[in-house]
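Q: Below is the file start.txt, with compact mmCIF, C-alpha atoms.
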```
# COMPACT_ATOMS: atom_id res chain seq x y z
CA MET F 1 26.89 1.12 43.02
CA ALA F 2 26.12 -2.55 43.54
CA GLN F 3 22.92 -3.66 41.85
CA HIS F 4 21.70 -6.48 44.06
CA GLU F 5 18.64 -8.48 43.17
CA PRO F 6 16.02 -8.87 45.92
CA ILE F 7 16.67 -12.63 46.13
CA VAL F 8 18.30 -13.92 49.31
CA GLY F 9 19.67 -17.46 49.73
CA ARG F 10 19.99 -19.49 52.94
CA TYR F 11 20.76 -23.00 54.14
CA LEU F 12 18.37 -24.99 56.29
CA ASN F 13 19.13 -28.24 58.14
CA LEU F 14 15.99 -30.25 57.53
CA GLU F 15 15.04 -33.79 58.52
CA VAL F 16 12.86 -35.61 56.00
CA GLU F 17 11.85 -39.25 56.42
CA GLY F 18 14.53 -39.77 59.07
CA ILE F 19 17.45 -38.29 57.15
CA GLU F 20 18.95 -34.86 57.72
CA TYR F 21 19.64 -32.72 54.68
CA ARG F 22 21.38 -29.40 54.23
CA VAL F 23 18.89 -27.64 52.03
CA TYR F 24 19.51 -24.51 50.04
CA TYR F 25 16.64 -22.19 49.34
CA GLU F 26 16.13 -18.70 48.01
CA GLU F 27 13.36 -16.29 48.69
CA ALA F 28 12.05 -12.87 47.85
CA GLY F 29 8.99 -10.87 48.79
CA SER F 30 6.46 -10.90 51.59
CA GLY F 31 2.86 -11.91 52.06
CA ILE F 32 1.18 -15.23 51.33
CA PRO F 33 3.85 -17.96 51.32
CA LEU F 34 4.39 -19.44 47.87
CA ILE F 35 6.64 -22.51 47.75
CA LEU F 36 8.17 -23.21 44.35
CA GLY F 37 9.28 -26.64 43.15
CA HIS F 38 11.73 -27.15 40.32
CA THR F 39 11.72 -29.69 37.50
CA ALA F 40 13.51 -33.05 37.45
CA GLY F 41 17.28 -32.78 37.16
CA SER F 42 17.43 -29.03 37.60
CA ASP F 43 17.22 -26.61 40.52
CA GLY F 44 15.64 -23.46 41.86
CA ARG F 45 17.43 -21.12 39.49
CA GLN F 46 14.55 -21.77 37.13
CA TYR F 47 12.46 -19.32 39.16
CA ARG F 48 14.85 -16.37 39.10
CA HIS F 49 12.60 -14.29 36.87
CA LEU F 50 9.59 -14.85 39.12
CA LEU F 51 11.56 -13.95 42.24
CA ASN F 52 12.50 -10.70 40.54
CA ASP F 53 8.91 -9.82 39.65
CA PRO F 54 7.63 -7.13 42.03
CA GLU F 55 4.02 -7.74 40.98
CA VAL F 56 4.36 -11.17 42.58
CA THR F 57 6.78 -10.49 45.42
CA SER F 58 4.80 -7.49 46.66
CA ARG F 59 2.01 -9.90 47.63
CA PHE F 60 3.66 -13.31 47.99
CA ARG F 61 6.64 -14.56 49.96
CA CYS F 62 8.20 -16.64 47.19
CA ILE F 63 10.45 -19.46 48.38
CA VAL F 64 12.22 -21.84 46.03
CA TYR F 65 14.18 -24.81 47.31
CA ASP F 66 16.78 -27.02 45.74
CA LEU F 67 15.80 -30.60 46.48
CA PRO F 68 18.60 -32.70 48.04
CA PHE F 69 21.11 -33.78 45.36
CA HIS F 70 20.10 -30.74 43.27
CA GLY F 71 21.65 -27.31 42.85
CA LYS F 72 23.33 -26.22 46.09
CA SER F 73 21.60 -28.84 48.28
CA LEU F 74 24.27 -31.48 48.70
CA PRO F 75 23.57 -35.17 49.22
CA PRO F 76 23.06 -35.99 52.94
CA TYR F 77 26.36 -35.84 54.81
CA ASN F 78 25.56 -38.58 57.31
CA GLU F 79 24.41 -41.14 54.77
CA GLU F 80 26.44 -43.40 52.48
CA TRP F 81 24.36 -42.18 49.56
CA TRP F 82 26.96 -43.36 47.07
CA THR F 83 26.18 -46.98 47.94
CA LYS F 84 22.61 -46.68 46.61
CA LYS F 85 21.14 -45.94 43.23
CA TYR F 86 19.54 -42.50 43.37
CA GLU F 87 15.81 -42.65 42.76
CA ILE F 88 13.14 -40.28 44.08
CA GLY F 89 9.60 -41.40 44.82
CA LYS F 90 6.21 -39.96 45.62
CA SER F 91 6.56 -40.37 49.38
CA PHE F 92 9.72 -38.27 49.58
CA MET F 93 8.47 -35.77 47.00
CA MET F 94 5.45 -35.04 49.21
CA ALA F 95 7.28 -35.25 52.55
CA PHE F 96 9.88 -32.71 51.50
CA PRO F 97 7.72 -29.60 50.95
CA ASN F 98 5.59 -30.59 53.95
CA ALA F 99 8.65 -30.66 56.24
CA PHE F 100 10.07 -27.56 54.58
CA ALA F 101 6.88 -25.56 55.17
CA GLN F 102 6.68 -26.74 58.78
CA ALA F 103 10.32 -25.87 59.48
CA LEU F 104 9.81 -22.34 58.15
CA GLY F 105 6.53 -21.97 60.03
CA LEU F 106 4.56 -21.26 56.88
CA ASP F 107 0.80 -20.99 57.36
CA ARG F 108 -0.96 -23.07 54.69
CA PRO F 109 1.31 -21.96 51.86
CA VAL F 110 0.55 -22.09 48.17
CA TYR F 111 2.64 -24.67 46.34
CA MET F 112 3.54 -24.22 42.68
CA GLY F 113 5.76 -26.68 40.84
CA SER F 114 6.79 -27.40 37.30
CA SER F 115 7.11 -30.78 35.52
CA MET F 116 7.70 -33.27 38.34
CA GLY F 117 6.86 -30.33 40.55
CA GLY F 118 3.65 -29.98 38.55
CA HIS F 119 2.75 -33.59 39.14
CA LEU F 120 3.55 -32.98 42.81
CA ALA F 121 1.05 -30.10 42.94
CA ILE F 122 -1.63 -32.66 42.12
CA ASP F 123 -0.33 -35.20 44.64
CA LEU F 124 -0.25 -32.56 47.39
CA ALA F 125 -3.78 -31.39 46.63
CA SER F 126 -4.91 -35.01 46.75
CA ASN F 127 -3.01 -36.19 49.82
CA HIS F 128 -2.38 -33.08 51.94
CA PRO F 129 -5.20 -30.62 51.26
CA ASP F 130 -5.11 -29.39 54.85
CA LEU F 131 -1.52 -28.20 54.56
CA TYR F 132 -1.92 -26.02 51.45
CA ARG F 133 -4.45 -23.34 50.60
CA ALA F 134 -3.89 -23.94 46.89
CA THR F 135 -1.52 -25.70 44.53
CA ILE F 136 -0.57 -24.78 40.99
CA ALA F 137 0.47 -27.58 38.65
CA VAL F 138 2.67 -26.30 35.86
CA GLU F 139 2.76 -29.14 33.31
CA GLY F 140 0.96 -31.65 35.51
CA ALA F 141 -1.25 -34.61 34.59
CA MET F 142 -2.50 -37.94 35.88
CA GLN F 143 0.60 -39.49 34.39
CA SER F 144 3.27 -38.38 31.94
CA ALA F 145 2.79 -39.10 28.23
CA VAL F 146 2.61 -42.82 27.49
CA GLU F 147 5.23 -42.72 24.72
CA TYR F 148 7.81 -41.69 27.31
CA VAL F 149 6.49 -43.93 30.08
CA ASP F 150 6.88 -46.88 27.70
CA VAL F 151 10.61 -46.19 27.34
CA GLY F 152 11.13 -47.68 30.81
CA MET F 153 13.76 -46.85 33.40
CA ALA F 154 16.41 -48.88 31.54
CA GLY F 155 15.91 -46.79 28.43
CA ILE F 156 15.85 -43.59 30.46
CA ARG F 157 19.14 -44.49 32.14
CA ARG F 158 20.70 -45.38 28.79
CA GLU F 159 20.17 -41.83 27.63
CA PHE F 160 20.51 -39.86 30.86
CA ASP F 161 22.74 -41.95 33.13
CA ASN F 162 25.27 -43.37 30.72
CA PRO F 163 29.04 -43.09 31.24
CA ASN F 164 29.51 -42.88 27.47
CA VAL F 165 27.32 -39.79 27.25
CA ALA F 166 28.34 -36.44 28.73
CA ARG F 167 25.95 -34.44 30.86
CA THR F 168 25.97 -31.86 28.06
CA SER F 169 23.67 -34.18 26.15
CA THR F 170 21.06 -34.02 28.92
CA GLY F 171 21.00 -30.28 28.41
CA ALA F 172 20.73 -30.78 24.67
CA ALA F 173 17.88 -33.24 25.07
CA MET F 174 15.79 -30.63 26.86
CA LEU F 175 15.24 -29.00 23.49
CA LEU F 176 12.46 -31.53 23.03
CA ASN F 177 10.54 -29.85 25.83
CA ILE F 178 11.01 -26.28 24.68
CA SER F 179 8.71 -24.20 22.51
CA PRO F 180 10.27 -22.97 19.25
CA TYR F 181 9.06 -19.49 20.19
CA THR F 182 11.47 -19.39 23.14
CA PRO F 183 14.20 -16.73 23.00
CA GLU F 184 17.51 -18.45 22.30
CA GLN F 185 19.19 -17.16 25.46
CA ASN F 186 16.48 -18.81 27.54
CA VAL F 187 16.88 -22.09 25.64
CA ARG F 188 20.57 -21.97 26.46
CA GLU F 189 19.92 -21.13 30.11
CA ILE F 190 17.64 -24.15 30.53
CA GLN F 191 20.22 -26.35 28.82
CA TRP F 192 23.00 -24.89 30.98
CA GLU F 193 21.14 -25.79 34.16
CA TYR F 194 20.43 -29.30 32.89
CA SER F 195 24.08 -29.78 32.02
CA GLN F 196 25.07 -29.38 35.67
CA GLY F 197 23.23 -32.06 37.61
CA GLY F 198 24.82 -34.79 39.67
CA PRO F 199 25.40 -38.25 38.19
CA GLY F 200 22.18 -40.21 37.76
CA VAL F 201 20.04 -37.56 39.45
CA PHE F 202 17.96 -36.56 36.44
CA ALA F 203 17.27 -40.19 35.57
CA GLY F 204 16.47 -40.95 39.21
CA ASP F 205 14.04 -38.03 39.36
CA LEU F 206 12.25 -39.45 36.35
CA PHE F 207 11.23 -42.47 38.41
CA TYR F 208 8.74 -40.23 40.19
CA TYR F 209 7.93 -38.25 37.07
CA TYR F 210 7.12 -41.24 34.85
CA TYR F 211 6.17 -44.02 37.26
CA ASP F 212 5.56 -43.21 40.92
CA HIS F 213 3.24 -40.33 40.09
CA ASN F 214 0.20 -42.07 38.67
CA VAL F 215 -3.17 -40.65 39.63
CA SER F 216 -6.19 -42.86 39.09
CA GLU F 217 -9.50 -41.46 37.86
CA GLU F 218 -11.01 -42.30 41.24
CA GLU F 219 -8.30 -40.37 43.08
CA ALA F 220 -8.65 -37.40 40.74
CA ARG F 221 -12.41 -37.24 41.28
CA ALA F 222 -11.85 -37.25 45.05
CA ILE F 223 -9.61 -34.17 45.11
CA ASP F 224 -11.41 -31.57 47.20
CA THR F 225 -10.76 -28.14 45.72
CA SER F 226 -12.84 -26.51 48.45
CA LYS F 227 -10.04 -27.47 50.85
CA CYS F 228 -7.10 -26.96 48.51
CA MET F 229 -7.78 -25.23 45.20
CA LEU F 230 -5.95 -26.80 42.27
CA TYR F 231 -4.93 -24.74 39.26
CA LEU F 232 -3.30 -26.30 36.20
CA VAL F 233 -1.38 -24.62 33.40
CA THR F 234 0.27 -26.45 30.50
CA GLY F 235 2.21 -25.28 27.47
CA GLU F 236 1.10 -26.37 24.02
CA TYR F 237 4.62 -27.58 23.10
CA ASP F 238 5.05 -29.91 26.08
CA PRO F 239 5.36 -33.44 24.67
CA ASN F 240 5.65 -35.00 28.13
CA THR F 241 2.43 -33.53 29.45
CA SER F 242 0.40 -32.11 26.63
CA PRO F 243 -2.56 -29.79 27.14
CA ALA F 244 -4.83 -32.72 26.26
CA GLU F 245 -3.34 -34.76 29.09
CA THR F 246 -3.77 -31.95 31.60
CA GLN F 247 -7.30 -31.37 30.33
CA ALA F 248 -8.07 -35.01 31.06
CA ILE F 249 -7.33 -34.67 34.76
CA ALA F 250 -8.90 -31.22 35.01
CA ASP F 251 -12.13 -32.70 33.67
CA LEU F 252 -12.16 -35.17 36.55
CA ILE F 253 -11.48 -32.77 39.40
CA PRO F 254 -14.53 -30.76 40.44
CA GLY F 255 -13.72 -27.08 40.78
CA SER F 256 -10.21 -27.24 39.35
CA LYS F 257 -9.19 -24.68 36.77
CA PHE F 258 -7.05 -25.38 33.71
CA PHE F 259 -5.40 -22.85 31.43
CA PRO F 260 -3.58 -24.10 28.31
CA MET F 261 -0.73 -21.81 27.36
CA GLU F 262 0.06 -20.96 23.75
CA LYS F 263 3.63 -20.74 22.47
CA LEU F 264 5.05 -22.26 25.66
CA GLY F 265 6.50 -25.67 26.36
CA HIS F 266 7.51 -27.77 29.34
CA PHE F 267 9.57 -25.03 31.04
CA PRO F 268 7.28 -22.00 30.76
CA VAL F 269 8.66 -20.23 33.83
CA THR F 270 12.12 -20.06 32.26
CA GLU F 271 11.24 -20.24 28.56
CA ASN F 272 9.37 -16.98 28.55
CA TYR F 273 8.50 -15.55 31.94
CA PRO F 274 6.75 -12.42 30.59
CA LEU F 275 4.38 -14.68 28.65
CA PHE F 276 3.99 -17.17 31.54
CA ARG F 277 3.06 -14.46 34.04
CA GLU F 278 0.07 -13.52 31.89
CA TYR F 279 -1.37 -16.86 32.98
CA LEU F 280 0.07 -16.82 36.49
CA LEU F 281 -0.97 -13.38 37.72
CA PRO F 282 -4.75 -13.93 37.49
CA ILE F 283 -4.32 -17.19 39.41
CA LEU F 284 -2.33 -15.52 42.15
CA GLU F 285 -4.86 -12.71 42.28
CA GLU F 286 -7.66 -15.22 42.78
CA ILE F 287 -5.71 -16.99 45.53
CA GLU F 288 -5.10 -13.65 47.22
CA THR F 289 -8.79 -12.80 47.02
CA LEU F 290 -9.83 -16.14 48.46
CA SER F 291 -7.25 -16.01 51.28
CA MET L 1 14.91 -29.42 1.67
CA ASN L 2 15.73 -32.54 -0.28
CA ILE L 3 18.66 -34.79 0.50
CA GLU L 4 20.91 -33.15 -2.09
CA GLN L 5 20.29 -29.71 -0.58
CA ILE L 6 20.87 -31.03 2.94
CA SER L 7 24.05 -32.78 1.93
CA SER L 8 25.41 -29.81 0.03
CA TYR L 9 24.64 -27.44 2.88
CA ILE L 10 26.35 -29.62 5.48
CA ARG L 11 29.49 -30.09 3.40
CA THR L 12 29.89 -26.45 2.41
CA GLN L 13 28.47 -24.39 5.28
CA GLY L 14 27.42 -26.65 8.15
CA VAL L 15 30.96 -27.82 8.86
CA GLU L 16 32.07 -24.19 9.05
CA ASP L 17 29.69 -23.46 11.93
CA PRO L 18 31.80 -23.11 15.09
CA GLU L 19 29.23 -24.71 17.40
CA PHE L 20 28.63 -27.66 15.10
CA ALA L 21 32.37 -28.17 14.65
CA TYR L 22 32.93 -27.98 18.41
CA THR L 23 30.12 -30.34 19.33
CA MET L 24 31.29 -32.90 16.72
CA ARG L 25 34.79 -32.95 18.22
CA TYR L 26 36.50 -36.36 18.41
CA TYR L 27 33.72 -38.13 16.49
CA THR L 28 35.04 -40.90 14.28
CA GLY L 29 32.46 -42.77 12.25
CA ALA L 30 29.62 -42.37 9.82
CA MET L 31 26.47 -40.31 10.12
CA LYS L 32 23.58 -41.01 7.79
CA LEU L 33 20.67 -38.70 7.00
CA ALA L 34 17.73 -39.96 4.95
CA VAL L 35 14.72 -38.29 3.39
CA ASP L 36 12.34 -41.04 2.38
CA ASP L 37 14.57 -43.51 0.47
CA GLN L 38 17.22 -40.93 -0.44
CA GLU L 39 20.29 -41.17 1.78
CA ALA L 40 23.45 -39.18 2.39
CA VAL L 41 26.44 -40.41 4.37
CA PHE L 42 28.96 -38.21 6.15
CA VAL L 43 32.11 -39.76 7.53
CA PHE L 44 34.04 -37.99 10.26
CA ASP L 45 37.59 -38.67 11.39
CA ASP L 46 38.40 -37.27 14.84
CA GLY L 47 35.68 -34.66 14.40
CA VAL L 48 36.65 -33.64 10.87
CA LEU L 49 34.34 -34.31 7.93
CA THR L 50 36.09 -36.38 5.25
CA ASP L 51 35.36 -36.66 1.53
CA ASP L 52 34.13 -40.21 1.99
CA ALA L 53 30.41 -40.23 1.11
CA ALA L 54 30.13 -43.85 0.01
CA PRO L 55 26.76 -45.47 0.74
CA ARG L 56 26.74 -47.97 3.58
CA PRO L 57 24.10 -49.83 5.58
CA ASP L 58 22.61 -48.37 8.76
CA VAL L 59 24.46 -50.91 10.87
CA GLU L 60 27.74 -49.27 9.86
CA CYS L 61 26.50 -45.81 10.87
CA PRO L 62 26.42 -45.09 14.63
CA ILE L 63 24.25 -42.05 13.91
CA VAL L 64 21.22 -42.41 11.63
CA ILE L 65 18.40 -39.91 11.16
CA ARG L 66 15.70 -41.19 8.84
CA GLY L 67 12.53 -39.24 8.14
CA THR L 68 9.92 -38.77 5.50
CA GLU L 69 9.78 -35.64 3.38
CA GLU L 70 6.92 -34.52 5.62
CA HIS L 71 8.95 -35.09 8.80
CA TRP L 72 11.77 -32.90 7.52
CA ALA L 73 9.48 -30.22 6.09
CA GLU L 74 7.51 -29.91 9.32
CA MET L 75 10.59 -29.99 11.54
CA LEU L 76 12.42 -27.37 9.51
CA ASP L 77 9.56 -24.88 9.59
CA GLU L 78 10.50 -21.57 11.17
CA TYR L 79 8.01 -22.24 13.97
CA PRO L 80 7.16 -25.94 13.78
CA ARG L 81 3.77 -27.02 15.01
CA PRO L 82 3.68 -28.91 18.31
CA PHE L 83 6.00 -31.85 18.61
CA PHE L 84 7.91 -31.19 15.41
CA GLN L 85 10.15 -28.85 17.37
CA CYS L 86 13.22 -31.10 17.31
CA LEU L 87 14.56 -34.49 16.22
CA GLN L 88 13.49 -36.31 19.36
CA THR L 89 9.89 -35.08 19.45
CA THR L 90 9.53 -35.65 15.72
CA ALA L 91 10.66 -39.21 16.43
CA ILE L 92 8.60 -40.08 19.49
CA LYS L 93 5.42 -38.24 18.48
CA HIS L 94 5.51 -38.47 14.69
CA GLY L 95 7.55 -41.53 13.79
CA MET L 96 10.89 -40.23 12.56
CA ASN L 97 13.58 -42.88 13.07
CA LEU L 98 16.69 -42.14 15.11
CA SER L 99 19.44 -44.54 16.01
CA ASN L 100 19.38 -45.68 19.65
CA THR L 101 23.13 -45.63 20.20
CA ASP L 102 25.55 -44.07 22.64
CA SER L 103 26.97 -42.04 19.75
CA PHE L 104 23.57 -40.57 18.95
CA TYR L 105 23.11 -39.39 22.54
CA ALA L 106 26.72 -38.28 22.93
CA TYR L 107 26.50 -36.14 19.80
CA LEU L 108 22.96 -34.88 20.36
CA PRO L 109 24.24 -31.33 20.94
CA ALA L 110 25.76 -31.43 17.44
CA LEU L 111 22.65 -32.97 15.89
CA ASN L 112 20.43 -30.35 17.47
CA ARG L 113 22.73 -27.65 16.21
CA LEU L 114 22.66 -29.20 12.76
CA THR L 115 18.86 -29.18 12.83
CA ALA L 116 18.86 -25.50 13.78
CA LEU L 117 21.25 -24.71 10.91
CA LEU L 118 19.16 -26.66 8.42
CA ARG L 119 16.04 -24.88 9.67
CA LYS L 120 17.68 -21.52 9.15
CA GLN L 121 18.73 -22.53 5.65
CA SER L 122 15.30 -23.93 4.83
CA VAL L 123 13.56 -20.78 5.98
CA ALA L 124 15.96 -18.64 3.96
CA GLN L 125 15.30 -20.77 0.87
CA LYS L 126 11.53 -20.40 1.29
CA LYS L 127 11.75 -16.66 1.77
CA GLY L 128 14.02 -16.33 -1.24
CA ALA L 129 11.73 -18.43 -3.41
```
Written as structure tokens, how would this file's structure read?
A:
Amino acid sequence: MAQHEPIVGRYLNLEVEGIEYRVYYEEAGSGIPLILGHTAGSDGRQYRHLLNDPEVTSRFRCIVYDLPFHGKSLPPYNEEWWTKKYEIGKSFMMAFPNAFAQALGLDRPVYMGSSMGGHLAIDLASNHPDLYRATIAVEGAMQSAVEYVDVGMAGIRREFDNPNVARTSTGAAMLLNISPYTPEQNVREIQWEYSQGGPGVFAGDLFYYYYDHNVSEEEARAIDTSKCMLYLVTGEYDPNTSPAETQAIADLIPGSKFFPMEKLGHFPVTENYPLFREYLLPILEEIETLS
Amino acid sequence: MNIEQISSYIRTQGVEDPEFAYTMRYYTGAMKLAVDDQEAVFVFDDGVLTDDAAPRPDVECPIVIRGTEEHWAEMLDEYPRPFFQCLQTTAIKHGMNLSNTDSFYAYLPALNRLTALLRKQSVAQKKGA
């Protein structure tokens, strides 16, 4: 007897900022729409454990997309994308889930994203509070850690977009983001996913992650959590966005809620989903109550 | 672990690890590890560790990992405290020195594996002590 998972995948033709993309997404469950955003250089497979969690999918319609150039979402067919250096910015990062939600007819969905998706949760709460009932920033902050920002795009490309260095090394480098408490098979799964990205895509994603996402104190203070509630969760082993850095923005945003997570790192959803859901479930329950 | 223990482990057991051997494939050149001012050099020829352990300057070693005794001790803990979890975080957050070369990045899978093996050995030594 076939043992199918409840996850179903589909393709959507979606226009974003004047360009049409063939977007792959997966979903499971029913109820309040919950859009899930993956990390830089990876894809929606990171959420497979969540999409298989009946305690979530019994109440939330969980939808995870692969951004264009990631996973099974190919580069745009009608564009000469190979003539340009791939680099993703804040404008596109915000426009994409907005267009995606509109195309699927989602009514004020919840957005949850990790890493660059976590930064995006903050940008969406700040810039599009009318479109989302709540956002959840997993590993989000005003800006990524200064030690990494200071490396600069040239340094980033030397490590992650270098013809002398195989993509395998990008997977290996992700060890820096992972808690030492992570089960080895999950470490390897994260590294496997990171070993499969398109050329230059991870480095190009980091333009948004390190530079184009940069929330000022003034902007943070102006985020209206009565319109769009903002939750933040950050793992103690995340060197790119440490709990202290998330705490700094949480302190500025009236009404936001921050939960530091012990024994987790930058990829908590994949590192150790059973541990991550201990933080996630109360948040989802609160969103459900307030909806 | 001190540099003698690290060196001995790599030469006798580390090179026998299938993942380390695989991820070092085709490497030709020197790799230097240093604990404070104590150094050990490992020279590979097409991925195979040679007997050549002659000292040489960093500039002749495409891969250099240089840390203090504290860096190594913290990093090789069974469950390191935050940001000692690997070579790269120990470098960027705590000041360990790593070479910024294509070879270092290309062979990062091997260096991470080596760190994991040394951690396992270090933990075993502590538990046996």
Q: Calculate how many Å separate atom CA of Tyr148 of chain F from atom CA of Ala73 of chain L, rounding to one decimal.
A: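 Separation of atom CA of Tyr148 of chain F and atom CA of Ala73 of chain L: 24.2 Å.
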Q: Residues of chain F within 8 Å of chain L, counting only C-alpha atoms, what are they? List them as a PyMOL selection string.
A: chain F and resi 147+158-159+164-166+168-169+172-173+175-176+178-181+236-239
Q: What is the distance between atom CA of Ser195 of chain F and atom CA of Lys90 of chain F, in Å to one decimal?
A: 24.7 Å
Q: Box time for segment 29-36 of chain L: axis-aligned, enclosing all its listed atoms, 8 Å extra on each side; report centre and edge lengths in Å to one decimal, as JSON.
A:
```
{"center_x": 22.4, "center_y": -40.5, "center_z": 7.3, "size_x": 36.1, "size_y": 20.5, "size_z": 25.9}
```
Q: Please report the interatomic distance between atom CA of Val110 of chain F and atom CA of Ser91 of chain F in Å with one decimal.
A: 19.3 Å
Q: Of the candidates L:Asp17, L:Asp45, L:Glu74, L:Asp58, which one gets nearest to Gly29 of chain L if we count only C-alpha atoms?
A: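 Closest candidate: L:Asp45.
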Q: Contacts of segment 24-32 of chain F at 10 Å or less, counting only C-alpha atoms, minus same-chain residues fewer than 4 places along, as a tab-separated table (two decimals) with C-alpha atoms, in the coordinates of the input?
A:
```tsv
chain	number	residue	atom	x	y	z
F	5	GLU	CA	18.64	-8.48	43.17
F	6	PRO	CA	16.02	-8.87	45.92
F	7	ILE	CA	16.67	-12.63	46.13
F	8	VAL	CA	18.30	-13.92	49.31
F	9	GLY	CA	19.67	-17.46	49.73
F	10	ARG	CA	19.99	-19.49	52.94
F	11	TYR	CA	20.76	-23.00	54.14
F	12	LEU	CA	18.37	-24.99	56.29
F	13	ASN	CA	19.13	-28.24	58.14
F	36	LEU	CA	8.17	-23.21	44.35
F	43	ASP	CA	17.22	-26.61	40.52
F	44	GLY	CA	15.64	-23.46	41.86
F	45	ARG	CA	17.43	-21.12	39.49
F	47	TYR	CA	12.46	-19.32	39.16
F	48	ARG	CA	14.85	-16.37	39.10
F	50	LEU	CA	9.59	-14.85	39.12
F	51	LEU	CA	11.56	-13.95	42.24
F	52	ASN	CA	12.50	-10.70	40.54
F	53	ASP	CA	8.91	-9.82	39.65
F	54	PRO	CA	7.63	-7.13	42.03
F	55	GLU	CA	4.02	-7.74	40.98
F	56	VAL	CA	4.36	-11.17	42.58
F	57	THR	CA	6.78	-10.49	45.42
F	58	SER	CA	4.80	-7.49	46.66
F	59	ARG	CA	2.01	-9.90	47.63
F	60	PHE	CA	3.66	-13.31	47.99
F	61	ARG	CA	6.64	-14.56	49.96
F	62	CYS	CA	8.20	-16.64	47.19
F	63	ILE	CA	10.45	-19.46	48.38
F	64	VAL	CA	12.22	-21.84	46.03
F	65	TYR	CA	14.18	-24.81	47.31
F	66	ASP	CA	16.78	-27.02	45.74
F	67	LEU	CA	15.80	-30.60	46.48
F	68	PRO	CA	18.60	-32.70	48.04
F	70	HIS	CA	20.10	-30.74	43.27
F	71	GLY	CA	21.65	-27.31	42.85
F	72	LYS	CA	23.33	-26.22	46.09
F	73	SER	CA	21.60	-28.84	48.28
F	74	LEU	CA	24.27	-31.48	48.70
F	100	PHE	CA	10.07	-27.56	54.58
F	106	LEU	CA	4.56	-21.26	56.88
F	107	ASP	CA	0.80	-20.99	57.36
F	108	ARG	CA	-0.96	-23.07	54.69
F	109	PRO	CA	1.31	-21.96	51.86
F	110	VAL	CA	0.55	-22.09	48.17
F	133	ARG	CA	-4.45	-23.34	50.60
F	284	LEU	CA	-2.33	-15.52	42.15
F	287	ILE	CA	-5.71	-16.99	45.53
F	288	GLU	CA	-5.10	-13.65	47.22
F	291	SER	CA	-7.25	-16.01	51.28
```
Q: Could you tell me which of F:Leu206, F:Ala250, F:Ala141, F:Ala95 comes closest to Ile156 of chain F if we count only C-alpha atoms?
A: F:Leu206
Q: If we count all atoms listed in the file, what is near Gly37 of chain F at a cut-off of 7 Å, once residues fewer than 2 positions away on the same chain are taken out, given as an mmCIF file with C-alpha atoms, keeping the file's coordinate frame?
A:
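Generated file (part_39.cif):
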```
data_model
loop_
_atom_site.group_PDB
_atom_site.id
_atom_site.type_symbol
_atom_site.label_atom_id
_atom_site.label_comp_id
_atom_site.auth_asym_id
_atom_site.auth_seq_id
_atom_site.Cartn_x
_atom_site.Cartn_y
_atom_site.Cartn_z
ATOM 1 C CA ILE F 35 6.640 -22.510 47.750
ATOM 2 C CA THR F 39 11.720 -29.690 37.500
ATOM 3 C CA VAL F 64 12.220 -21.840 46.030
ATOM 4 C CA TYR F 65 14.180 -24.810 47.310
ATOM 5 C CA MET F 112 3.540 -24.220 42.680
ATOM 6 C CA GLY F 113 5.760 -26.680 40.840
ATOM 7 C CA SER F 114 6.790 -27.400 37.300
ATOM 8 C CA GLY F 117 6.860 -30.330 40.550
#
```
Q: Could you pull the residues within 8 Å of Ala53 of chain L, counting only C-alpha atoms, minus those fewer than 6 positions along the same chain, as a list of chain:residue names?
A: L:Ala40, L:Val41, L:Phe42, L:Val43
Q: Would you write out those residues with C-alpha atoms, as a compact mmCIF listing (two decimals), in the coordinates of the input?
A:
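Contents of part07.txt, freshly written:
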```txt
# COMPACT_ATOMS: atom_id res chain seq x y z
CA ALA L 40 23.45 -39.18 2.39
CA VAL L 41 26.44 -40.41 4.37
CA PHE L 42 28.96 -38.21 6.15
CA VAL L 43 32.11 -39.76 7.53
```
Q: Output requested as a short mmCIF file (atom, residue, chain, number, x, y, z; two decimals), keeping the file's coordinate frame - segment 44-51 of chain F, filled out with N, CA and C atoms.
A:
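rebuild.cif, freshly written:
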```cif
data_model
loop_
_atom_site.label_atom_id
_atom_site.label_comp_id
_atom_site.auth_asym_id
_atom_site.auth_seq_id
_atom_site.Cartn_x
_atom_site.Cartn_y
_atom_site.Cartn_z
N GLY F 44 16.48 -24.63 41.66
CA GLY F 44 15.64 -23.46 41.86
C GLY F 44 15.98 -22.25 41.03
N ARG F 45 17.11 -22.28 40.34
CA ARG F 45 17.43 -21.12 39.49
C ARG F 45 16.38 -20.88 38.43
N GLN F 46 15.61 -21.91 38.14
CA GLN F 46 14.55 -21.77 37.13
C GLN F 46 13.56 -20.65 37.45
N TYR F 47 13.47 -20.30 38.74
CA TYR F 47 12.46 -19.32 39.16
C TYR F 47 13.03 -17.91 39.34
N ARG F 48 14.21 -17.66 38.82
CA ARG F 48 14.85 -16.37 39.10
C ARG F 48 14.04 -15.19 38.56
N HIS F 49 13.38 -15.40 37.43
CA HIS F 49 12.60 -14.29 36.87
C HIS F 49 11.39 -13.99 37.76
N LEU F 50 10.76 -15.04 38.25
CA LEU F 50 9.59 -14.85 39.12
C LEU F 50 10.00 -14.15 40.41
N LEU F 51 11.12 -14.56 40.98
CA LEU F 51 11.56 -13.95 42.24
C LEU F 51 12.02 -12.51 42.06
#
```
